[in-house]
$ cat model-v6.cif   # mmCIF, C-alpha atoms
data_input
loop_
_atom_site.group_PDB
_atom_site.id
_atom_site.type_symbol
_atom_site.label_atom_id
_atom_site.label_comp_id
_atom_site.auth_asym_id
_atom_site.auth_seq_id
_atom_site.Cartn_x
_atom_site.Cartn_y
_atom_site.Cartn_z
ATOM 1 C CA MET M 1 122.353 54.986 81.055
ATOM 2 C CA THR M 2 122.868 56.770 77.754
ATOM 3 C CA VAL M 3 120.378 56.650 74.950
ATOM 4 C CA THR M 4 120.879 57.746 71.396
ATOM 5 C CA ARG M 5 118.155 57.816 68.773
ATOM 6 C CA GLY M 6 115.534 56.504 71.192
ATOM 7 C CA GLN M 7 114.246 56.578 74.749
ATOM 8 C CA ALA M 8 115.240 54.403 77.685
ATOM 9 C CA ASP M 9 111.834 53.612 79.051
ATOM 10 C CA ASP M 10 109.465 50.709 78.582
ATOM 11 C CA ALA M 11 107.602 52.530 75.823
ATOM 12 C CA THR M 12 108.204 51.723 72.178
ATOM 13 C CA PRO M 13 111.579 53.339 71.422
ATOM 14 C CA TYR M 14 110.449 55.120 68.260
ATOM 15 C CA ALA M 15 107.404 55.522 66.083
ATOM 16 C CA GLY M 16 106.799 52.461 63.960
ATOM 17 C CA ALA M 17 108.733 49.999 66.095
ATOM 18 C CA GLY M 18 106.934 46.734 66.598
ATOM 19 C CA ARG M 19 104.925 47.063 63.373
ATOM 20 C CA ASP M 20 105.476 45.644 59.928
ATOM 21 C CA ASP M 21 105.070 47.635 56.696
ATOM 22 C CA GLN M 22 101.287 47.153 56.752
ATOM 23 C CA GLY M 23 100.949 48.358 60.358
ATOM 24 C CA HIS M 24 100.262 44.882 61.779
ATOM 25 C CA GLY M 25 101.680 44.056 65.168
ATOM 26 C CA ARG M 26 104.892 42.048 65.433
ATOM 27 C CA ARG M 27 107.293 41.418 68.260
ATOM 28 C CA GLU M 28 110.021 44.018 68.599
ATOM 29 C CA ARG M 29 113.526 42.598 68.217
ATOM 30 C CA ILE M 30 116.264 43.687 70.627
ATOM 31 C CA VAL M 31 119.902 42.839 69.888
ATOM 32 C CA VAL M 32 122.351 42.898 72.818
ATOM 33 C CA GLY M 33 126.129 42.782 72.585
ATOM 34 C CA VAL M 34 127.684 40.593 75.281
ATOM 35 C CA ASP M 35 131.443 40.935 75.767
ATOM 36 C CA GLY M 36 132.412 39.257 79.029
ATOM 37 C CA THR M 37 132.290 42.445 81.116
ATOM 38 C CA ALA M 38 130.007 43.664 83.884
ATOM 39 C CA ALA M 39 128.704 46.300 81.455
ATOM 40 C CA GLY M 40 127.771 43.545 78.969
ATOM 41 C CA VAL M 41 125.877 41.646 81.671
ATOM 42 C CA ALA M 42 124.117 44.867 82.727
ATOM 43 C CA ALA M 43 123.127 45.496 79.086
ATOM 44 C CA LEU M 44 121.580 42.025 78.815
ATOM 45 C CA ARG M 45 119.700 42.494 82.092
ATOM 46 C CA TRP M 46 118.354 45.862 80.909
ATOM 47 C CA ALA M 47 117.252 44.376 77.577
ATOM 48 C CA VAL M 48 115.455 41.465 79.262
ATOM 49 C CA GLU M 49 113.625 43.838 81.620
ATOM 50 C CA HIS M 50 112.668 46.081 78.679
ATOM 51 C CA ALA M 51 111.463 43.018 76.754
ATOM 52 C CA ARG M 52 109.233 41.947 79.652
ATOM 53 C CA GLY M 53 107.426 45.263 79.468
ATOM 54 C CA SER M 54 107.205 45.441 75.690
ATOM 55 C CA GLY M 55 106.846 41.778 74.700
ATOM 56 C CA SER M 56 110.048 42.001 72.657
ATOM 57 C CA ARG M 57 112.386 39.215 71.607
ATOM 58 C CA VAL M 58 115.970 39.430 72.913
ATOM 59 C CA ARG M 59 118.935 38.181 70.904
ATOM 60 C CA ALA M 60 122.251 38.110 72.807
ATOM 61 C CA VAL M 61 125.295 38.187 70.538
ATOM 62 C CA ALA M 62 128.873 37.535 71.615
ATOM 63 C CA VAL M 63 131.543 38.242 69.038
ATOM 64 C CA SER M 64 134.656 36.137 68.632
ATOM 65 C CA GLU M 65 137.184 38.683 67.427
ATOM 66 C CA PRO M 66 140.692 37.225 67.104
ATOM 67 C CA MET M 67 143.635 39.584 67.203
ATOM 68 C CA PRO M 68 144.920 40.452 63.730
ATOM 69 C CA MET M 69 147.947 38.463 62.655
ATOM 70 C CA VAL M 70 151.087 40.419 61.895
ATOM 71 C CA GLY M 71 153.798 38.817 59.857
ATOM 72 C CA SER M 72 154.822 37.899 56.362
ATOM 73 C CA GLY M 73 156.976 35.495 54.435
ATOM 74 C CA ALA M 74 156.583 31.917 53.355
ATOM 75 C CA GLU M 75 158.821 30.676 56.171
ATOM 76 C CA ILE M 76 156.281 31.656 58.843
ATOM 77 C CA ALA M 77 153.047 31.099 56.922
ATOM 78 C CA GLY M 78 152.575 27.527 58.129
ATOM 79 C CA GLY M 79 153.077 28.511 61.761
ATOM 80 C CA LEU M 80 150.644 31.407 61.485
ATOM 81 C CA THR M 81 147.968 29.190 59.963
ATOM 82 C CA ALA M 82 148.186 26.620 62.761
ATOM 83 C CA GLN M 83 148.321 29.343 65.418
ATOM 84 C CA SER M 84 145.372 31.277 63.952
ATOM 85 C CA MET M 85 143.173 28.144 63.944
ATOM 86 C CA LEU M 86 143.994 27.553 67.598
ATOM 87 C CA ASP M 87 143.347 31.210 68.398
ATOM 88 C CA ASP M 88 140.015 31.144 66.539
ATOM 89 C CA GLU M 89 138.890 28.168 68.616
ATOM 90 C CA GLU M 90 140.049 29.831 71.838
ATOM 91 C CA PHE M 91 138.350 33.130 71.013
ATOM 92 C CA THR M 92 135.123 31.363 70.042
ATOM 93 C CA ALA M 93 135.181 29.362 73.291
ATOM 94 C CA ALA M 94 135.772 32.578 75.258
ATOM 95 C CA ALA M 95 132.853 34.311 73.517
ATOM 96 C CA GLN M 96 130.610 31.318 74.255
ATOM 97 C CA ALA M 97 131.680 31.466 77.911
ATOM 98 C CA TRP M 98 130.823 35.208 78.067
ATOM 99 C CA LEU M 99 127.401 34.480 76.654
ATOM 100 C CA ASN M 100 126.753 31.590 79.053
ATOM 101 C CA GLU M 101 127.912 33.664 82.048
ATOM 102 C CA ALA M 102 125.712 36.646 81.124
ATOM 103 C CA ILE M 103 122.643 34.467 80.587
ATOM 104 C CA THR M 104 123.255 32.580 83.835
ATOM 105 C CA ALA M 105 123.241 35.955 85.652
ATOM 106 C CA LEU M 106 119.631 36.525 84.537
ATOM 107 C CA PRO M 107 116.607 35.454 86.551
ATOM 108 C CA VAL M 108 115.888 31.771 85.867
ATOM 109 C CA ASP M 109 112.567 32.482 84.151
ATOM 110 C CA ALA M 110 114.263 34.853 81.677
ATOM 111 C CA GLN M 111 117.167 32.594 80.700
ATOM 112 C CA GLN M 112 115.210 30.403 78.274
ATOM 113 C CA SER M 113 113.645 33.339 76.443
ATOM 114 C CA VAL M 114 116.962 34.784 75.227
ATOM 115 C CA GLU M 115 118.137 33.821 71.752
ATOM 116 C CA ARG M 116 121.917 33.400 71.715
ATOM 117 C CA GLU M 117 124.609 33.449 69.096
ATOM 118 C CA VAL M 118 128.386 33.572 68.870
ATOM 119 C CA VAL M 119 129.613 35.212 65.666
ATOM 120 C CA ARG M 120 133.171 35.482 64.400
ATOM 121 C CA GLY M 121 134.276 38.874 63.120
ATOM 122 C CA ALA M 122 134.912 42.478 64.061
ATOM 123 C CA ALA M 123 132.629 43.342 66.985
ATOM 124 C CA ALA M 124 131.217 46.638 65.671
ATOM 125 C CA THR M 125 130.662 45.220 62.187
ATOM 126 C CA VAL M 126 128.899 42.115 63.512
ATOM 127 C CA LEU M 127 126.686 44.079 65.903
ATOM 128 C CA LEU M 128 125.726 46.615 63.234
ATOM 129 C CA GLU M 129 124.798 43.762 60.884
ATOM 130 C CA GLU M 130 122.765 42.031 63.613
ATOM 131 C CA ALA M 131 121.009 45.344 64.392
ATOM 132 C CA ARG M 132 120.145 46.020 60.736
ATOM 133 C CA GLU M 133 116.715 44.384 61.168
ATOM 134 C CA ALA M 134 116.409 45.127 64.894
ATOM 135 C CA ASP M 135 114.218 47.650 66.647
ATOM 136 C CA LEU M 136 116.784 48.351 69.368
ATOM 137 C CA LEU M 137 120.507 47.739 69.947
ATOM 138 C CA VAL M 138 121.686 47.520 73.569
ATOM 139 C CA LEU M 139 125.365 47.642 74.511
ATOM 140 C CA GLY M 140 127.342 47.907 77.709
ATOM 141 C CA ASN M 141 129.128 51.210 78.182
ATOM 142 C CA HIS M 142 132.517 50.770 79.795
ATOM 143 C CA GLY M 143 132.818 54.482 80.563
ATOM 144 C CA HIS M 144 136.414 54.844 79.415
ATOM 145 C CA GLY M 145 135.792 58.334 78.043
ATOM 146 C CA ALA M 146 136.351 59.910 74.658
ATOM 147 C CA ILE M 147 140.154 59.735 74.563
ATOM 148 C CA THR M 148 140.480 56.108 75.615
ATOM 149 C CA GLY M 149 137.528 55.195 73.393
ATOM 150 C CA ALA M 150 139.171 56.843 70.411
ATOM 151 C CA LEU M 151 142.487 55.141 71.111
ATOM 152 C CA THR M 152 140.996 51.689 71.640
ATOM 153 C CA GLY M 153 138.368 51.972 68.902
ATOM 154 C CA SER M 154 135.274 51.747 71.092
ATOM 155 C CA VAL M 155 132.672 49.340 69.699
ATOM 156 C CA ALA M 156 129.878 51.399 71.286
ATOM 157 C CA GLN M 157 131.246 54.555 69.714
ATOM 158 C CA ARG M 158 131.392 52.990 66.240
ATOM 159 C CA CYS M 159 127.886 51.570 66.648
ATOM 160 C CA ALA M 160 126.535 54.942 67.812
ATOM 161 C CA HIS M 161 127.777 56.553 64.609
ATOM 162 C CA HIS M 162 126.448 53.912 62.209
ATOM 163 C CA VAL M 163 123.432 52.117 63.715
ATOM 164 C CA LYS M 164 120.060 52.636 62.013
ATOM 165 C CA CYS M 165 117.875 51.747 65.013
ATOM 166 C CA PRO M 166 117.791 53.267 68.514
ATOM 167 C CA LEU M 167 120.810 52.472 70.676
ATOM 168 C CA VAL M 168 120.870 52.156 74.464
ATOM 169 C CA LEU M 169 124.223 52.214 76.277
ATOM 170 C CA VAL M 170 124.012 50.649 79.733
ATOM 171 C CA PRO M 171 126.834 51.369 82.205
ATOM 172 C CA ALA M 172 128.477 48.722 84.322
ATOM 173 C CA PRO M 173 127.370 48.632 87.948
ATOM 174 C CA PRO M 174 129.300 51.301 89.906
ATOM 175 C CA ASP M 175 131.315 48.735 91.860
ATOM 176 C CA GLN M 176 132.405 46.848 88.713
ATOM 177 C CA THR M 177 134.296 48.421 85.854
ATOM 178 C CA GLY M 178 135.573 46.629 82.782
#

$ encode --input "model-v6.cif" --output "C-alpha coordinates"
Amino acid sequence: MTVTRGQADDATPYAGAGRDDQGHGRRERIVVGVDGTAAGVAALRWAVEHARGSGSRVRAVAVSEPMPMVGSGAEIAGGLTAQSMLDDEEFTAAAQAWLNEAITALPVDAQQSVEREVVRGAAATVLLEEAREADLLVLGNHGHGAITGALTGSVAQRCAHHVKCPLVLVPAPPDQTG
(Lines of atoms letter the chains of each structure in order from A and count residues from 1; the text may use other names and numbers.)
(Lines give C-alpha, C1' and ligand atoms only; values in the text may rest on other atoms or scores of the structure.)
Protein backbone atom coordinates (compact mmCIF):
# COMPACT_ATOMS: atom_id res chain seq x y z
CA MET A 1 0.00 0.00 0.00
CA THR A 2 1.28 3.46 -0.86
CA VAL A 3 0.30 6.54 1.04
CA THR A 4 0.88 10.12 0.05
CA ARG A 5 0.07 13.09 2.24
CA GLY A 6 -1.24 10.91 5.06
CA GLN A 7 -0.80 7.67 6.97
CA ALA A 8 -2.28 4.26 6.24
CA ASP A 9 -3.38 3.31 9.70
CA ASP A 10 -6.67 3.59 11.54
CA ALA A 11 -5.65 6.90 13.10
CA THR A 12 -6.93 10.19 11.74
CA PRO A 13 -4.93 10.70 8.53
CA TYR A 14 -3.89 14.28 9.30
CA ALA A 15 -4.35 16.94 11.92
CA GLY A 16 -7.77 18.51 11.72
CA ALA A 17 -9.51 15.68 9.89
CA GLY A 18 -12.90 14.86 11.30
CA ARG A 19 -13.43 18.36 12.72
CA ASP A 20 -15.28 21.35 11.37
CA ASP A 21 -13.93 24.92 11.44
CA GLN A 22 -15.01 25.36 15.08
CA GLY A 23 -13.31 22.14 16.22
CA HIS A 24 -16.57 20.22 16.68
CA GLY A 25 -16.59 16.56 15.81
CA ARG A 26 -17.98 15.42 12.46
CA ARG A 27 -17.74 12.19 10.55
CA GLU A 28 -14.71 11.93 8.30
CA ARG A 29 -15.58 11.49 4.62
CA ILE A 30 -13.68 8.93 2.54
CA VAL A 31 -14.04 8.93 -1.26
CA VAL A 32 -13.10 5.72 -3.10
CA GLY A 33 -12.64 5.34 -6.84
CA VAL A 34 -14.07 2.07 -8.16
CA ASP A 35 -13.05 1.08 -11.69
CA GLY A 36 -13.99 -2.55 -12.26
CA THR A 37 -10.57 -3.95 -11.34
CA ALA A 38 -9.31 -6.06 -8.45
CA ALA A 39 -7.35 -3.00 -7.27
CA GLY A 40 -10.59 -0.97 -7.18
CA VAL A 41 -12.31 -3.65 -5.10
CA ALA A 42 -9.29 -3.80 -2.76
CA ALA A 43 -9.43 0.01 -2.38
CA LEU A 44 -13.10 -0.14 -1.38
CA ARG A 45 -12.42 -2.94 1.11
CA TRP A 46 -9.56 -0.95 2.65
CA ALA A 47 -11.72 2.17 2.93
CA VAL A 48 -14.58 0.27 4.59
CA GLU A 49 -12.18 -1.29 7.12
CA HIS A 50 -10.63 2.13 7.82
CA ALA A 51 -14.12 3.61 8.24
CA ARG A 52 -15.06 0.94 10.79
CA GLY A 53 -12.16 2.02 12.96
CA SER A 54 -12.63 5.76 12.51
CA GLY A 55 -16.42 6.08 12.20
CA SER A 56 -16.01 7.61 8.74
CA ARG A 57 -18.51 7.74 5.90
CA VAL A 58 -17.50 5.96 2.67
CA ARG A 59 -18.56 7.22 -0.75
CA ALA A 60 -17.78 4.84 -3.64
CA VAL A 61 -17.58 6.59 -7.01
CA ALA A 62 -17.45 4.87 -10.39
CA VAL A 63 -16.75 7.09 -13.36
CA SER A 64 -18.35 6.60 -16.75
CA GLU A 65 -15.66 7.86 -19.09
CA PRO A 66 -16.56 7.35 -22.76
CA MET A 67 -13.76 7.25 -25.30
CA PRO A 68 -13.27 10.58 -27.07
CA MET A 69 -14.89 10.78 -30.48
CA VAL A 70 -12.60 11.40 -33.41
CA GLY A 71 -14.04 12.65 -36.64
CA SER A 72 -15.34 15.71 -38.39
CA GLY A 73 -17.64 16.80 -41.16
CA ALA A 74 -21.36 17.23 -41.45
CA GLU A 75 -21.75 13.92 -43.28
CA ILE A 76 -20.77 11.91 -40.19
CA ALA A 77 -22.15 14.17 -37.47
CA GLY A 78 -25.51 12.40 -37.26
CA GLY A 79 -23.88 8.98 -36.96
CA LEU A 80 -21.51 10.17 -34.26
CA THR A 81 -24.35 11.64 -32.22
CA ALA A 82 -26.36 8.41 -32.27
CA GLN A 83 -23.25 6.33 -31.55
CA SER A 84 -22.09 8.57 -28.69
CA MET A 85 -25.50 8.33 -26.97
CA LEU A 86 -25.35 4.55 -27.18
CA ASP A 87 -21.77 4.56 -25.92
CA ASP A 88 -22.68 6.87 -23.02
CA GLU A 89 -25.42 4.47 -21.94
CA GLU A 90 -23.09 1.47 -22.26
CA PHE A 91 -20.29 3.16 -20.32
CA THR A 92 -22.69 4.27 -17.59
CA ALA A 93 -24.10 0.73 -17.32
CA ALA A 94 -20.56 -0.67 -17.11
CA ALA A 95 -19.63 1.80 -14.35
CA GLN A 96 -22.79 0.87 -12.43
CA ALA A 97 -21.88 -2.81 -12.79
CA TRP A 98 -18.35 -2.13 -11.43
CA LEU A 99 -19.85 -0.37 -8.45
CA ASN A 100 -22.37 -3.14 -7.77
CA GLU A 101 -19.68 -5.83 -8.08
CA ALA A 102 -17.29 -4.03 -5.70
CA ILE A 103 -20.00 -3.45 -3.10
CA THR A 104 -21.20 -7.05 -3.36
CA ALA A 105 -17.63 -8.17 -2.57
CA LEU A 106 -17.84 -6.42 0.82
CA PRO A 107 -19.05 -8.11 3.99
CA VAL A 108 -22.86 -8.03 4.08
CA ASP A 109 -22.99 -5.72 7.10
CA ALA A 110 -20.81 -3.13 5.31
CA GLN A 111 -22.69 -3.06 2.01
CA GLN A 112 -25.54 -0.82 3.18
CA SER A 113 -23.24 1.75 4.76
CA VAL A 114 -21.49 2.69 1.50
CA GLU A 115 -22.80 5.70 -0.40
CA ARG A 116 -22.59 5.07 -4.14
CA GLU A 117 -22.53 7.20 -7.24
CA VAL A 118 -21.83 6.86 -10.94
CA VAL A 119 -20.56 10.09 -12.50
CA ARG A 120 -19.92 10.81 -16.16
CA GLY A 121 -16.65 12.52 -17.02
CA ALA A 122 -12.88 12.19 -16.98
CA ALA A 123 -11.94 9.87 -14.12
CA ALA A 124 -9.18 11.98 -12.54
CA THR A 125 -11.21 15.18 -12.82
CA VAL A 126 -14.31 13.58 -11.27
CA LEU A 127 -12.37 11.98 -8.42
CA LEU A 128 -10.49 15.19 -7.63
CA GLU A 129 -13.80 17.08 -7.54
CA GLU A 130 -15.37 14.42 -5.29
CA ALA A 131 -12.31 14.56 -3.00
CA ARG A 132 -12.39 18.36 -2.73
CA GLU A 133 -14.47 18.17 0.47
CA ALA A 134 -13.19 14.74 1.55
CA ASP A 135 -10.81 13.86 4.34
CA LEU A 136 -9.26 10.95 2.42
CA LEU A 137 -9.16 9.70 -1.18
CA VAL A 138 -8.59 5.96 -1.70
CA LEU A 139 -7.72 4.50 -5.10
CA GLY A 140 -6.62 1.14 -6.41
CA ASN A 141 -3.03 1.03 -7.63
CA HIS A 142 -2.65 -1.14 -10.69
CA GLY A 143 1.14 -1.24 -10.35
CA HIS A 144 1.89 -0.61 -14.02
CA GLY A 145 4.96 1.47 -13.20
CA ALA A 146 6.04 4.96 -14.14
CA ILE A 147 6.47 4.43 -17.89
CA THR A 148 3.17 2.68 -18.50
CA GLY A 149 1.44 5.12 -16.15
CA ALA A 150 2.82 8.07 -18.07
CA LEU A 151 1.82 6.56 -21.40
CA THR A 152 -1.69 5.63 -20.31
CA GLY A 153 -2.29 8.74 -18.21
CA SER A 154 -2.66 7.05 -14.83
CA VAL A 155 -5.66 8.36 -12.87
CA ALA A 156 -3.85 7.64 -9.58
CA GLN A 157 -0.81 9.54 -10.78
CA ARG A 158 -2.87 12.59 -11.76
CA CYS A 159 -4.76 12.47 -8.46
CA ALA A 160 -1.51 12.19 -6.48
CA HIS A 161 -0.26 15.41 -8.06
CA HIS A 162 -3.44 17.44 -7.55
CA VAL A 163 -5.43 16.11 -4.58
CA LYS A 164 -5.76 18.38 -1.53
CA CYS A 165 -6.49 15.64 1.02
CA PRO A 166 -4.46 12.55 1.94
CA LEU A 167 -4.39 9.83 -0.71
CA VAL A 168 -4.07 6.09 -0.13
CA LEU A 169 -3.17 3.82 -3.06
CA VAL A 170 -4.17 0.21 -2.43
CA PRO A 171 -2.60 -2.49 -4.64
CA ALA A 172 -4.57 -5.29 -6.21
CA PRO A 173 -4.24 -8.66 -4.49
CA PRO A 174 -1.01 -10.35 -5.65
CA ASP A 175 -2.86 -13.04 -7.61
CA GLN A 176 -5.03 -10.51 -9.49
CA THR A 177 -3.66 -7.74 -11.64
CA GLY A 178 -5.69 -5.29 -13.68

$ resolve_selection --input "model-v6.cif" --expression "the PyMOL selection byres ((chain M and resi 43) around 8)" --output "number ranges by chain"
M: 32-34, 39-42, 44-47, 138-140, 169-171

$ resolve_selection --input "model-v6.cif" --expression "the PyMOL selection byres ((chain M and resi 93) around 12)" --output "number ranges by chain"
M: 36, 62-66, 86-92, 94-100, 118-120

$ closest_residue --input "model-v6.cif" --among "M:Asp109, M:Arg29, M:Gln157, M:Ile103" --to "Ala123 in chain M" --atoms "all atoms listed in the file"
M:Gln157

$ closest_residue --input "model-v6.cif" --among "M:Ala124, M:Ala110, M:Ala134, M:Val61" --to "Val48 in chain M" --atoms "only C-alpha atoms"
M:Ala110

$ resolve_selection --input "model-v6.cif" --expression "the PyMOL selection byres ((chain M and resi 129) around 12)" --output "JSON, numbers by chain"
{"M": [31, 33, 61, 63, 119, 121, 122, 123, 124, 125, 126, 127, 128, 130, 131, 132, 133, 134, 137, 159, 162, 163, 164, 165]}

$ atom_distance --input "model-v6.cif" --atom1 "CA of Glu117 in chain M" --atom2 "CA of Pro173 in chain M"
24.4 Å

$ atom_distance --input "model-v6.cif" --atom1 "CA of Ile30 in chain M" --atom2 "CA of Asp135 in chain M"
6.0 Å
